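Asks: Have a look at the structure that comes next, please.
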Protein chains: 2
Amino acid sequence: MTSPNAPAAFPSLKNDVFLRALRREPVPYTPVWLMRQAGRYLEEYRQTRQRAGSFMGLAQNPELATEVTLQPLERFALDAAILFSDILTVPDAMGLGLSFVQGEGPQFAKVLRHENDIKSLQVPDMGRLQYVFDAVSMIRRELGGRVPLIGFAGSPFTIACYMVEGQGTREYKHIKSMMYARPDLLHHILDVNARATIEYLNAQVRAGAQALMVFDSWGGVLADGMYQEFSLRYMHQVVQGLVRNQGEESVPVILFTKGGGMWLEEIAATGCDALGLDWTVNLGKARQRTGDKVALQGNLDPMALFAPEQAVRKEARRVLDDFGMVGSGGHVFNLGHGISQHTPVESVAVLVDEVHEYSRQYHIAQ
Amino acid sequence: MTSPNAPAAFPSLKNDVFLRALRREPVPYTPVWLMRQAGRYLEEYRQTRQRAGSFMGLAQNPELATEVTLQPLERFALDAAILFSDILTVPDAMGLGLSFVQGEGPQFAKVLRHENDIKSLQVPDMGRLQYVFDAVSMIRRELGGRVPLIGFAGSPFTIACYMVEGQGTREYKHIKSMMYARPDLLHHILDVNARATIEYLNAQVRAGAQALMVFDSWGGVLADGMYQEFSLRYMHQVVQGLVRNQGEESVPVILFTKGGGMWLEEIAATGCDALGLDWTVNLGKARQRTGDKVALQGNLDPMALFAPEQAVRKEARRVLDDFGMVGSGGHVFNLGHGISQHTPVESVAVLVDEVHEYSRQYHIAQ
């Protein structure tokens, strides 16, 4: 059944360099986008955010979410757009009551620590997340085919961290205590999260998302062995559950475990199309370890953008040189984490310029 | 010149399993100690700390520092003692004014961001750190040869983080901005720190320390390439500057970069005797990568100690199994980070027991 929002109804894509790089096809230059590119470092974002009243007010309003998603594309020649939303929309839809406290980050009204609460956790009705799918379709229309649109979700483990801790944490005491003492309860949460994430991402694709990214922001705090059992296993389940062919186009999936440099081979074995990498990973070595299976996305330290122009250019070149000669695609330039809110806007312009220009030498002339 | 505190004057060592494991000599069981084993999870520590009035009051009083250093040994059959002190004593002696604000961690009265301040930074007179060396000698005497005493320091980069940021940080904005914009200034700080650390650790050895550990708590936040240039290089300088033969005994050196699992081969190449490992690293794989050069220390997740007894035992066995058959020494059991202040004391007793008993199967009968 074709809905009015089905991909066929959208304008055709003019710049597919990002998608081709993810498929490791030849590209003329290395594409670039930035995690949290629609965000607080932009004055126009802060204005829209103020009009929305709250972070959730912004995320839940498709018009405003579309507006902020497109803002960075007006300023910079980025090769992809990413849905403006939050990884915690899914547990919010499960009834945990998400809010963002000024200066303190996300908080849930209800935390998930007792067996009864955990056992009654269910995959939410996707109707409660309709505002996300509406935003995806609206952004896709407004993009007019300029660049592809990335949809995303948090990893089952990462959203479980927030659900069990109730907020950000340094020690992960509650979720790790559950993991070591009652692994059965945590597995139950993670399975519900994985099934919800599959429905959520598939609905984003139906609404118009052209690539998907799973953010495993906290998997890297797990011990070796525990990572595989409590984070990677459920990302694998998600990847396997995605409907990745939409019409004639496949929808590439990027998995990103921050701090997961030890486990790249195992992440690549999930069947995903690309790995997100933080800056501690050497791109050349990562490529040797995984390059025949997946594309790589990353990995400039966001703090490098606080340096003067020449240093920003130098660090961008270092990342491109680390990846090295490609011949075909396979590298998507990005930061190794979200852009910092105090980043000078000029640095982003310089970065995008340097990536596009300097990378041409590494690609076969088209 | 032999001082009254020279090692010859101390009682001979009864339990040298820890030192032998670091030298990769045969041992009857895997030795164990815990980072921050003298600390807030112990009621008797909290009492002594209260008597001292402040953290620095405790660290600067050799009698009280000796008292808390010995406390965990009264409770648990640990195979090493570690000097009670702090990695920030060195910048404090440089005149930066260290204090510990309740619930907020260390803070410096003076931060190091301006060129003039940085250029005038100097290796401090070690007389200002005499309280540390006095504590080392007193602890060594009070130990009566029960177990070896570990001295320690922060890595040049890690103490520079605090010197430049002024306190703990999540983004490392100031030090990374300096690194990318004015690497010459940061190199100057790091060189002073490295030379100070060499003097500081050598003086600890002269005072009676029998092994040394360098804590690189924050090197793992650096990008690949930057880690080697700004953290590892200066730890290498420290290792090369240490006088590691004291009488007939060598003094083993352990380097620990938290989050440094990507760089183990390079850390091992500094000439250190052992690597500290956090829990993200698989001990078996780390051994394959470095085991012919160095011993390995680690790497239980401190949060595993919040689990019930049987889970603590299981996780301890998992770490020992990951390292695997040894035949000779080479593994020192530890946590992958300092013990958490809310850790149940019973878990530590269970852990030490399990490590000692279960590990015997992996060692050749003595």
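Simple scheme: letters A, B, ... for chains in structure tokens order, numbers from 1 for residues in each chain, numbers from 1 for ligands in the order shown.
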Among segment 46-121 of chain A, which residues does DSSP mark as strand (DSSP E or B) when it is run on the backbone? Keep the chain and numbering as in the structure and answer as a PyMOL selection string.

Replies: chain A and resi 81-82+98-101+105-108

Asks: The coordinates of chain A, once least-squares superposed on chain B over all sequentially paired C-alpha atoms, should be supplied as a compact mmCIF listing (two decimals) with C-alpha atoms, in the first residue's frame.

Replies:
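Below you can see part39.txt, which holds the result:
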```txt
# COMPACT_ATOMS: atom_id res chain seq x y z
CA MET A 1 74.80 7.56 50.63
CA THR A 2 72.50 5.43 52.72
CA SER A 3 69.78 7.23 54.66
CA PRO A 4 68.01 5.73 57.67
CA ASN A 5 65.07 5.18 55.32
CA ALA A 6 67.03 3.25 52.70
CA PRO A 7 65.41 -0.07 51.72
CA ALA A 8 68.13 -2.06 53.49
CA ALA A 9 66.76 -0.67 56.76
CA PHE A 10 63.28 -2.08 56.19
CA PRO A 11 62.06 -5.53 57.25
CA SER A 12 62.41 -8.14 54.55
CA LEU A 13 59.42 -8.96 52.39
CA LYS A 14 57.28 -11.96 53.32
CA ASN A 15 54.80 -11.90 50.43
CA ASP A 16 56.43 -11.06 47.11
CA VAL A 17 53.77 -12.64 44.86
CA PHE A 18 52.78 -9.24 43.49
CA LEU A 19 56.36 -8.30 42.55
CA ARG A 20 57.04 -11.69 41.04
CA ALA A 21 53.88 -11.54 38.93
CA LEU A 22 54.93 -8.12 37.65
CA ARG A 23 58.28 -9.67 36.66
CA ARG A 24 56.40 -12.56 34.99
CA GLU A 25 58.03 -15.07 37.31
CA PRO A 26 56.15 -18.16 38.55
CA VAL A 27 53.71 -17.54 41.41
CA PRO A 28 51.41 -19.89 43.34
CA TYR A 29 48.26 -17.81 42.75
CA THR A 30 47.26 -14.57 41.05
CA PRO A 31 47.97 -11.61 43.35
CA VAL A 32 45.29 -8.99 43.88
CA TRP A 33 45.03 -5.40 45.05
CA LEU A 34 42.42 -2.75 44.28
CA MET A 35 42.81 0.78 43.05
CA ARG A 36 41.62 3.15 45.83
CA GLN A 37 41.57 0.19 48.24
CA ALA A 38 42.20 2.69 51.06
CA GLY A 39 39.11 4.80 50.63
CA ARG A 40 35.61 5.90 51.36
CA TYR A 41 33.94 2.47 51.09
CA LEU A 42 35.63 1.67 54.45
CA GLU A 43 33.99 2.99 57.62
CA GLU A 44 37.38 3.26 59.34
CA TYR A 45 38.68 5.39 56.46
CA ARG A 46 35.76 7.78 56.81
CA GLN A 47 36.54 8.10 60.52
CA THR A 48 40.20 8.91 59.93
CA ARG A 49 39.26 11.29 57.15
CA GLN A 50 36.95 13.13 59.52
CA ARG A 51 39.68 13.40 62.14
CA ALA A 52 42.01 14.85 59.50
CA GLY A 53 39.49 17.58 58.70
CA SER A 54 40.13 17.61 54.96
CA PHE A 55 41.42 15.37 52.21
CA MET A 56 44.67 17.32 51.96
CA GLY A 57 44.98 17.31 55.74
CA LEU A 58 44.87 13.54 55.54
CA ALA A 59 47.27 13.25 52.61
CA GLN A 60 49.77 15.65 54.17
CA ASN A 61 49.89 13.92 57.55
CA PRO A 62 52.24 10.91 57.32
CA GLU A 63 50.80 9.24 60.44
CA LEU A 64 47.23 9.45 59.16
CA ALA A 65 48.24 8.55 55.61
CA THR A 66 49.96 5.48 57.02
CA GLU A 67 46.90 4.59 59.06
CA VAL A 68 44.52 4.63 56.07
CA THR A 69 47.02 2.89 53.79
CA LEU A 70 47.11 -0.07 56.18
CA GLN A 71 43.36 -0.24 56.88
CA PRO A 72 42.34 -2.45 53.93
CA LEU A 73 45.19 -4.87 54.72
CA GLU A 74 43.64 -5.50 58.14
CA ARG A 75 40.42 -6.61 56.52
CA PHE A 76 41.50 -8.38 53.32
CA ALA A 77 44.38 -10.62 52.22
CA LEU A 78 45.56 -8.11 49.63
CA ASP A 79 48.93 -8.70 48.01
CA ALA A 80 50.09 -5.08 47.86
CA ALA A 81 49.66 -1.79 49.65
CA ILE A 82 49.49 1.52 47.81
CA LEU A 83 50.55 4.85 49.24
CA PHE A 84 47.57 6.95 50.26
CA SER A 85 48.00 10.22 48.39
CA ASP A 86 46.69 12.02 45.31
CA ILE A 87 48.00 12.53 41.79
CA LEU A 88 47.62 16.30 42.22
CA THR A 89 50.22 16.72 44.96
CA VAL A 90 52.79 17.58 42.25
CA PRO A 91 50.94 20.56 40.69
CA ASP A 92 50.03 21.64 44.22
CA ALA A 93 53.76 21.76 44.98
CA MET A 94 54.15 23.88 41.82
CA GLY A 95 52.04 26.51 43.56
CA LEU A 96 48.63 25.99 41.95
CA GLY A 97 46.78 25.66 45.27
CA LEU A 98 44.95 22.35 45.44
CA SER A 99 41.79 21.87 47.47
CA PHE A 100 39.02 19.28 47.52
CA VAL A 101 35.52 20.68 47.57
CA GLN A 102 33.02 18.35 49.23
CA GLY A 103 31.20 16.36 46.56
CA GLU A 104 32.89 18.19 43.69
CA GLY A 105 36.38 16.74 43.61
CA PRO A 106 39.71 18.54 43.25
CA GLN A 107 40.03 22.22 42.38
CA PHE A 108 43.01 24.47 41.79
CA ALA A 109 43.03 28.08 43.00
CA LYS A 110 45.15 29.01 39.98
CA VAL A 111 44.61 27.68 36.45
CA LEU A 112 47.31 27.53 33.83
CA ARG A 113 46.12 29.10 30.58
CA HIS A 114 48.24 32.16 29.91
CA GLU A 115 51.59 32.01 28.18
CA ASN A 116 53.43 33.88 30.94
CA ASP A 117 52.14 31.57 33.65
CA ILE A 118 53.00 28.54 31.56
CA LYS A 119 56.50 29.73 30.71
CA SER A 120 57.29 30.32 34.38
CA LEU A 121 56.14 26.85 35.44
CA GLN A 122 58.98 24.91 37.05
CA VAL A 123 59.79 21.56 38.55
CA PRO A 124 59.01 22.12 42.22
CA ASP A 125 61.52 21.71 45.02
CA MET A 126 60.94 18.14 46.19
CA GLY A 127 61.19 19.42 49.76
CA ARG A 128 57.61 20.63 49.30
CA LEU A 129 56.59 17.01 48.83
CA GLN A 130 58.55 15.71 51.80
CA TYR A 131 55.26 14.74 53.49
CA VAL A 132 54.74 12.18 50.71
CA PHE A 133 58.20 10.66 51.09
CA ASP A 134 57.81 10.62 54.87
CA ALA A 135 54.53 8.76 54.45
CA VAL A 136 56.17 6.24 52.11
CA SER A 137 58.91 5.48 54.65
CA MET A 138 56.51 5.28 57.56
CA ILE A 139 54.12 2.97 55.69
CA ARG A 140 57.01 0.78 54.61
CA ARG A 141 58.16 0.46 58.24
CA GLU A 142 54.64 -0.19 59.53
CA LEU A 143 54.02 -2.79 56.85
CA GLY A 144 56.77 -4.85 58.43
CA GLY A 145 57.34 -6.68 55.14
CA ARG A 146 53.82 -8.06 54.94
CA VAL A 147 53.32 -7.00 51.29
CA PRO A 148 55.13 -4.61 48.92
CA LEU A 149 54.35 -0.90 48.84
CA ILE A 150 53.34 0.78 45.57
CA GLY A 151 54.23 4.43 44.98
CA PHE A 152 52.47 6.40 42.26
CA ALA A 153 52.02 9.58 40.29
CA GLY A 154 49.60 10.96 37.71
CA SER A 155 50.72 10.99 34.10
CA PRO A 156 52.08 14.30 32.80
CA PHE A 157 49.01 14.70 30.55
CA THR A 158 46.48 13.80 33.24
CA ILE A 159 47.84 16.27 35.75
CA ALA A 160 48.05 18.87 32.96
CA CYS A 161 44.30 18.39 32.42
CA TYR A 162 43.63 19.50 35.96
CA MET A 163 46.22 22.29 35.79
CA VAL A 164 44.66 23.79 32.64
CA GLU A 165 40.98 23.06 33.33
CA GLY A 166 41.29 23.87 37.05
CA GLN A 167 39.00 20.98 37.98
CA GLY A 168 37.38 17.87 36.58
CA THR A 169 35.78 18.29 33.14
CA ARG A 170 33.65 16.42 30.63
CA GLU A 171 34.72 18.10 27.43
CA TYR A 172 38.40 18.97 28.10
CA LYS A 173 37.72 22.17 26.22
CA HIS A 174 40.56 24.29 27.57
CA ILE A 175 43.33 21.73 27.36
CA LYS A 176 42.24 20.46 23.96
CA SER A 177 41.94 24.00 22.65
CA MET A 178 45.51 24.59 23.81
CA MET A 179 46.59 21.30 22.26
CA TYR A 180 45.17 22.15 18.85
CA ALA A 181 45.88 25.91 18.88
CA ARG A 182 49.14 26.20 20.85
CA PRO A 183 50.74 22.76 21.05
CA ASP A 184 54.05 24.41 22.01
CA LEU A 185 52.57 25.66 25.28
CA LEU A 186 51.11 22.29 26.17
CA HIS A 187 54.39 20.58 25.34
CA HIS A 188 56.13 22.95 27.74
CA ILE A 189 53.72 22.06 30.57
CA LEU A 190 54.08 18.36 29.81
CA ASP A 191 57.86 18.47 29.81
CA VAL A 192 57.91 20.22 33.19
CA ASN A 193 55.38 17.69 34.48
CA ALA A 194 57.44 14.76 33.19
CA ARG A 195 60.64 16.03 34.79
CA ALA A 196 58.83 16.70 38.07
CA THR A 197 57.27 13.23 37.96
CA ILE A 198 60.66 11.58 37.47
CA GLU A 199 62.07 13.36 40.52
CA TYR A 200 58.91 12.62 42.48
CA LEU A 201 58.83 8.89 41.72
CA ASN A 202 62.57 8.43 42.19
CA ALA A 203 62.25 10.07 45.61
CA GLN A 204 59.39 7.70 46.47
CA VAL A 205 61.63 4.76 45.58
CA ARG A 206 64.46 6.14 47.74
CA ALA A 207 61.93 6.51 50.56
CA GLY A 208 60.90 2.87 50.23
CA ALA A 209 58.40 2.34 47.38
CA GLN A 210 58.86 -1.14 45.87
CA ALA A 211 56.80 -0.72 42.71
CA LEU A 212 55.51 2.32 40.85
CA MET A 213 52.31 3.07 39.00
CA VAL A 214 51.56 5.98 36.66
CA PHE A 215 47.87 6.83 36.41
CA ASP A 216 46.91 8.23 33.02
CA SER A 217 43.26 8.69 33.89
CA TRP A 218 42.51 11.02 30.98
CA GLY A 219 44.85 10.01 28.13
CA GLY A 220 41.95 7.96 26.77
CA VAL A 221 40.03 11.11 25.84
CA LEU A 222 42.63 12.00 23.23
CA ALA A 223 42.40 11.31 19.53
CA ASP A 224 44.64 8.66 18.05
CA GLY A 225 47.87 10.46 17.16
CA MET A 226 47.32 13.07 19.85
CA TYR A 227 47.52 10.40 22.53
CA GLN A 228 50.94 9.35 21.31
CA GLU A 229 52.19 12.93 21.05
CA PHE A 230 50.74 14.45 24.23
CA SER A 231 50.35 11.60 26.68
CA LEU A 232 52.36 8.49 25.78
CA ARG A 233 55.49 10.42 24.80
CA TYR A 234 55.75 11.93 28.28
CA MET A 235 55.03 8.66 30.07
CA HIS A 236 57.84 7.22 28.01
CA GLN A 237 60.08 10.06 29.21
CA VAL A 238 59.08 9.26 32.80
CA VAL A 239 59.77 5.52 32.44
CA GLN A 240 63.18 6.24 30.92
CA GLY A 241 64.05 8.66 33.72
CA LEU A 242 63.29 6.33 36.61
CA VAL A 243 66.06 4.72 38.65
CA ARG A 244 64.54 1.27 38.77
CA ASN A 245 67.27 -0.63 40.51
CA GLN A 246 67.32 -0.23 44.23
CA GLY A 247 69.95 -2.38 45.82
CA GLU A 248 69.48 -5.88 44.47
CA GLU A 249 65.81 -5.42 43.71
CA SER A 250 64.35 -3.86 40.58
CA VAL A 251 61.33 -1.58 40.96
CA PRO A 252 58.63 -2.55 38.44
CA VAL A 253 56.65 0.22 36.76
CA ILE A 254 52.98 -0.08 35.77
CA LEU A 255 51.45 2.31 33.23
CA PHE A 256 47.68 2.65 33.12
CA THR A 257 45.83 4.66 30.51
CA LYS A 258 42.12 4.33 31.18
CA GLY A 259 40.39 3.96 27.82
CA GLY A 260 43.75 3.17 26.22
CA GLY A 261 42.86 -0.29 24.91
CA MET A 262 43.60 0.78 21.34
CA TRP A 263 47.22 1.57 22.16
CA LEU A 264 48.46 -1.36 24.26
CA GLU A 265 51.34 -2.30 21.95
CA GLU A 266 52.61 1.26 21.99
CA ILE A 267 52.33 1.59 25.77
CA ALA A 268 54.17 -1.71 26.22
CA ALA A 269 56.97 -0.39 24.00
CA THR A 270 57.86 2.35 26.53
CA GLY A 271 59.89 -0.12 28.56
CA CYS A 272 57.41 -0.33 31.43
CA ASP A 273 56.97 -3.66 33.23
CA ALA A 274 53.19 -3.89 33.25
CA LEU A 275 50.06 -2.38 31.78
CA GLY A 276 46.97 -1.49 33.77
CA LEU A 277 43.83 -2.34 31.82
CA ASP A 278 40.25 -1.19 32.14
CA TRP A 279 37.34 -3.61 31.76
CA THR A 280 36.64 -2.91 28.09
CA VAL A 281 39.80 -4.84 27.20
CA ASN A 282 39.70 -8.60 26.85
CA LEU A 283 42.66 -9.89 28.89
CA GLY A 284 43.29 -12.83 26.57
CA LYS A 285 43.49 -10.59 23.53
CA ALA A 286 45.61 -8.05 25.40
CA ARG A 287 47.97 -10.85 26.33
CA GLN A 288 48.27 -11.94 22.70
CA ARG A 289 49.04 -8.35 21.75
CA THR A 290 51.60 -7.58 24.48
CA GLY A 291 52.19 -10.62 26.67
CA ASP A 292 55.73 -11.28 25.60
CA LYS A 293 56.78 -7.81 26.80
CA VAL A 294 54.79 -6.91 29.90
CA ALA A 295 52.63 -8.18 32.73
CA LEU A 296 48.95 -7.17 32.76
CA GLN A 297 47.01 -5.72 35.66
CA GLY A 298 43.23 -5.64 35.82
CA ASN A 299 40.42 -5.57 34.97
CA LEU A 300 37.11 -6.19 36.76
CA ASP A 301 34.39 -3.55 36.37
CA PRO A 302 34.14 -1.97 39.87
CA MET A 303 30.36 -2.06 39.50
CA ALA A 304 30.46 -5.87 39.56
CA LEU A 305 31.10 -5.53 43.31
CA PHE A 306 27.51 -4.32 43.74
CA ALA A 307 26.25 -7.77 42.76
CA PRO A 308 25.44 -10.67 45.13
CA GLU A 309 28.26 -12.96 46.26
CA GLN A 310 27.81 -15.63 43.60
CA ALA A 311 27.86 -13.02 40.83
CA VAL A 312 31.02 -11.40 42.26
CA ARG A 313 32.70 -14.81 42.24
CA LYS A 314 31.53 -15.51 38.70
CA GLU A 315 32.84 -12.19 37.38
CA ALA A 316 36.19 -12.70 39.14
CA ARG A 317 36.47 -16.11 37.47
CA ARG A 318 35.60 -14.60 34.12
CA VAL A 319 38.55 -12.20 34.39
CA LEU A 320 40.91 -15.00 35.44
CA ASP A 321 39.65 -17.24 32.64
CA ASP A 322 40.09 -14.45 30.10
CA PHE A 323 43.77 -14.20 31.05
CA GLY A 324 43.93 -17.99 31.00
CA MET A 325 46.70 -20.42 31.70
CA VAL A 326 49.87 -18.73 32.80
CA GLY A 327 52.42 -21.30 33.87
CA SER A 328 54.42 -18.34 35.03
CA GLY A 329 53.18 -15.05 36.49
CA GLY A 330 52.17 -12.09 34.42
CA HIS A 331 48.72 -11.29 35.77
CA VAL A 332 47.93 -9.02 38.69
CA PHE A 333 44.23 -8.96 39.49
CA ASN A 334 42.71 -5.53 40.03
CA LEU A 335 39.67 -3.49 39.17
CA GLY A 336 39.62 -1.56 35.91
CA HIS A 337 39.20 1.70 37.85
CA GLY A 338 39.08 2.82 41.48
CA ILE A 339 36.65 1.09 43.79
CA SER A 340 33.35 2.98 44.17
CA GLN A 341 32.65 4.62 47.54
CA HIS A 342 29.35 2.78 48.05
CA THR A 343 30.82 -0.69 47.44
CA PRO A 344 29.68 -3.30 50.00
CA VAL A 345 32.73 -4.29 52.05
CA GLU A 346 31.68 -7.97 51.97
CA SER A 347 32.10 -8.00 48.18
CA VAL A 348 35.78 -7.14 48.52
CA ALA A 349 36.37 -10.05 50.90
CA VAL A 350 34.58 -12.38 48.49
CA LEU A 351 36.56 -11.07 45.54
CA VAL A 352 39.96 -11.50 47.19
CA ASP A 353 39.03 -15.00 48.29
CA GLU A 354 37.84 -16.05 44.84
CA VAL A 355 40.90 -14.65 43.07
CA HIS A 356 43.28 -16.44 45.41
CA GLU A 357 41.47 -19.78 45.34
CA TYR A 358 40.26 -20.02 41.75
CA SER A 359 43.54 -18.81 40.24
CA ARG A 360 45.62 -21.65 41.71
CA GLN A 361 44.62 -23.96 38.86
CA TYR A 362 46.27 -21.55 36.43
CA HIS A 363 49.65 -21.61 38.15
CA ILE A 364 52.32 -24.28 38.28
CA ALA A 365 52.57 -25.84 41.73
CA GLN A 366 55.45 -24.19 43.61
```

Asks: Taking only segment 119-219 of chain A into account, list the residues labelled alpha helix (DSSP H) by DSSP (computed from the backbone), as a PyMOL selection string.

Replies: chain A and resi 119+130-143+156-165+173-181+183-207
